[in-house]
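A.B. asks: Have a look at the structure that comes next, please.
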Amino acid sequence: MAKKIHNSLTELVGHTPLVRLSGYEKKLGLKAHLLAKVEYFNPIGSIKDRIVLRIIEEAEKAGKIIPGKTTLIEYTSGNTGIAVSAIGAMKGYKVQIYLQEGVSKERLQVMKAFGANVTKIGDVPELQDALKATNNDFVAATNILKQHIRDRQAAGDSIYFVDQMLNPLNPTAHHDTTGKEIWEDTEGDLAAVVASVGTAGTIRGIADYIHEQSSNVKIFAVEPAADDTKLTGIHNFTDVPAERIPPSLRENNVLSKKVFDEVFVADPNGAFEAARTVAKTDGVLVGNSSGAALWGATKIAQKEEFSGKNIVVVFPDTGLRYLSTTLFED
């Protein structure tokens with residue numbers, strides 16, 4: 001019998017399962033088939049493992065970063081920071097994380113457990129000012145942070161900004177892995193894909209791959225309302241200034257309609273309830289962005305045109321990172 005020994009957890013990134021949410025379908029009386037892409041099966045617990053591994057390994061190949069010398073920096077609401085912290089530790093890099101306010105304390109604790117230096121953006125005046133001026137916009141704060149990093153690089157610091165928001169390897173990683181896996185695992189028997197939008201790399205990469213295979217599959221995006229502070233990790237991208245639209249969804253400086261067919265503005269209470277329900281019906285414990293995606297997928301599954309068809313809903317992470325929040329409080 002051949003040995004099955006892996007040299008690193010990086011070898012286990014991707015190939016996450018599609019799981020039919022049979023209990024959830026039955027409880028809600030849905031006629032469509034909801035298939036969850038359960039991304040907490042990635043070794044560090046979220047969909048962000050995919051993009052971080054790709055970005056770091058490509059930077060290594062290009063000679064932009066050197067283990068033991070370069071410090072990896074990222075601005076994050078949590079999951080990307082956790083992936084950078086863990087993969088950075090595996091590969092021998094120091095890690096500096098700038099963490100959004102309002103995220104669960106588990107995320108902060110996990111990053112520190114992996115050895116990362118974590119700074120809350122509330123402790124960085126220029127970032128806090130940018131967020132206050134733009135209603136907590138992720139893109140605006142990222143632009144401020146990039147200037148801060150450029151200043152440090154000019155001063156001779158060996159640092160590398162992972163930059164999930166602008167790095168084109170974000171959607172590329174999802175095109176090459178997540179989208180490909182969804183198509184292959186359903187054998188093309190697919191009516192729709194639903195995903196919440198943060199940096200938009202996930203939905204862009206999946207949509208690009210799926211559209212290369214078929215123009216008949218619908219892509220649905222889920223965003224929070226502009227003033228919603230309950231749904232962390234995802235961001236409003238419609239009816240905002242062009243500079244605040246994630247680059248993966250921007251074309252000729254306006255919102256591209258080629259990526260998705262429709263956008264749902266999530267009801268936070270409905271999103272939380274969806275996450276609570278699927279934990280009880282199917283034993284799948286996920287976070288609030290997954291709940292938002294499931295809320296949207298449920299709306300679609302209730303439409304007669306999707307009766308008997310497969311709808312894939314992307315679950316980015318585990319609910320274990322939200323136990324200190326109100327997500328699972330009845």
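Chain identifiers are assigned as A, B, and so on, following the order in which chains appear in the structure tokens; residues are numbered from 1 within each chain, and ligands are numbered from 1 in order of appearance.
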Taking 3 positions as the minimum chain separation for residues in the same chain, which residues sit within 12 Å of Ile82 in chain A when counting only C-alpha atoms? Answer as a ChimeraX atom specification.

C.D. replies: /A:43-49,52-53,73-79,85-89,95-99,106-118,317,321

A.B. asks: Taking 2 positions as the minimum chain separation for residues in the same chain, which residues sit within 6 Å of range 199-207 of chain A when counting only C-alpha atoms? Answer as a VMD selection string.

C.D. replies: chain A and resid 165 170 to 172 174 to 175 179 197 209 to 211 246 248 259

A.B. asks: Keeping only C-alpha atoms, write the selected residues as a short mmCIF file (atom, residue, chain, number, x, y, z; two decimals), in the first residue's frame.

C.D. replies:
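What ended up in out_22.cif:
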```cif
data_model
loop_
_atom_site.label_atom_id
_atom_site.label_comp_id
_atom_site.auth_asym_id
_atom_site.auth_seq_id
_atom_site.Cartn_x
_atom_site.Cartn_y
_atom_site.Cartn_z
CA MET A 165 -8.66 43.47 -3.76
CA ASN A 170 -7.56 36.50 -6.96
CA PRO A 171 -10.14 35.88 -9.72
CA THR A 172 -7.62 33.80 -11.66
CA HIS A 174 -11.07 30.94 -8.65
CA HIS A 175 -11.28 30.55 -12.41
CA GLY A 179 -15.14 27.39 -11.09
CA VAL A 197 -19.48 39.50 -2.92
CA TYR A 209 -14.95 29.72 -16.05
CA ILE A 210 -18.62 28.75 -16.14
CA HIS A 211 -19.37 31.16 -18.99
CA PRO A 246 -14.20 46.05 -6.73
CA SER A 248 -13.00 42.42 -10.58
CA VAL A 259 -20.22 38.82 -14.64
#
```

A.B. asks: Using only C-alpha atoms, determine which residues lie at most 8 Å from range 271-274 of chain A, disregarding the query and same-chain residues fewer than 6 positions distant; provide the list as number ranges by chain.

C.D. replies: A: 288-295, 327-328

A.B. asks: May I have the residues within 6 Å of range 20-36 of chain A as a list in words, using only C-alpha atoms and disregarding those fewer than 2 positions away in the same chain?

C.D. replies: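 Neighbouring residues, sequence-local ones excluded: Leu18, Val38, Val278, Thr281, Asp282, Ala301, Phe306, Ser307, Gly308, Lys309, Asn310, Ile311, Val312, Val313 and Val314 of chain A.
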
A.B. asks: So how far away is CA of Tyr40 in chain A from CA of Leu12 in chain A, in Å?

C.D. replies: 11.9 Å

A.B. asks: Using only C-alpha atoms, find the one residue out of A:Leu231, A:Val286, A:Val254, A:Val222 that sits nearest to Val103 in chain A.

C.D. replies: A:Leu231

A.B. asks: Where in range 60-302 of chain A does DSSP assign strand (DSSP E), given as a VMD selection string?

C.D. replies: chain A and resid 71 to 76 94 to 99 117 to 120 159 to 161 192 to 196 218 to 223 250 to 251 254 to 255 262 to 265

A.B. asks: Rank A:Val19, A:Leu169, A:Tyr93, A:Glu58 by their smallest atom-to-atom distance to Gly283 in chain A, using only C-alpha atoms, and report the top residue only.

C.D. replies: A:Val19

A.B. asks: Looking only at the backbone, which of the residues in range 6-104 of chain A does DSSP tag as alpha helix (DSSP H), as a compact mmCIF listing (two decimals) with C-alpha atoms, in the first residue's frame?

C.D. replies:
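That gives us out-v3.txt:
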```txt
# COMPACT_ATOMS: atom_id res chain seq x y z
CA SER A 22 -31.42 17.86 1.36
CA GLY A 23 -32.65 18.70 4.86
CA TYR A 24 -32.83 22.41 4.10
CA GLU A 25 -34.69 21.76 0.84
CA LYS A 26 -37.21 19.57 2.64
CA LYS A 27 -37.79 22.00 5.50
CA LEU A 28 -38.45 24.92 3.15
CA LYS A 48 -9.33 32.38 0.87
CA ASP A 49 -6.78 29.57 1.14
CA ARG A 50 -7.02 29.28 -2.64
CA ILE A 51 -6.13 32.86 -3.53
CA VAL A 52 -3.49 33.33 -0.85
CA LEU A 53 -1.59 30.20 -1.89
CA ARG A 54 -1.70 31.25 -5.54
CA ILE A 55 -0.59 34.83 -4.85
CA ILE A 56 2.29 33.80 -2.56
CA GLU A 57 3.59 31.05 -4.83
CA GLU A 58 3.48 33.27 -7.92
CA ALA A 59 5.33 36.01 -6.02
CA GLU A 60 7.97 33.45 -5.01
CA LYS A 61 8.39 32.31 -8.61
CA ASN A 79 -10.36 34.98 6.36
CA THR A 80 -7.68 36.25 3.98
CA GLY A 81 -5.64 37.36 6.96
CA ILE A 82 -5.95 33.91 8.52
CA ALA A 83 -4.82 32.27 5.28
CA VAL A 84 -1.87 34.68 4.90
CA SER A 85 -0.90 34.07 8.53
CA ALA A 86 -1.02 30.28 8.21
CA ILE A 87 0.57 29.91 4.77
CA GLY A 88 3.12 32.56 5.68
CA ALA A 89 4.03 30.51 8.76
CA MET A 90 4.34 27.34 6.66
CA LYS A 91 6.66 29.05 4.21
```
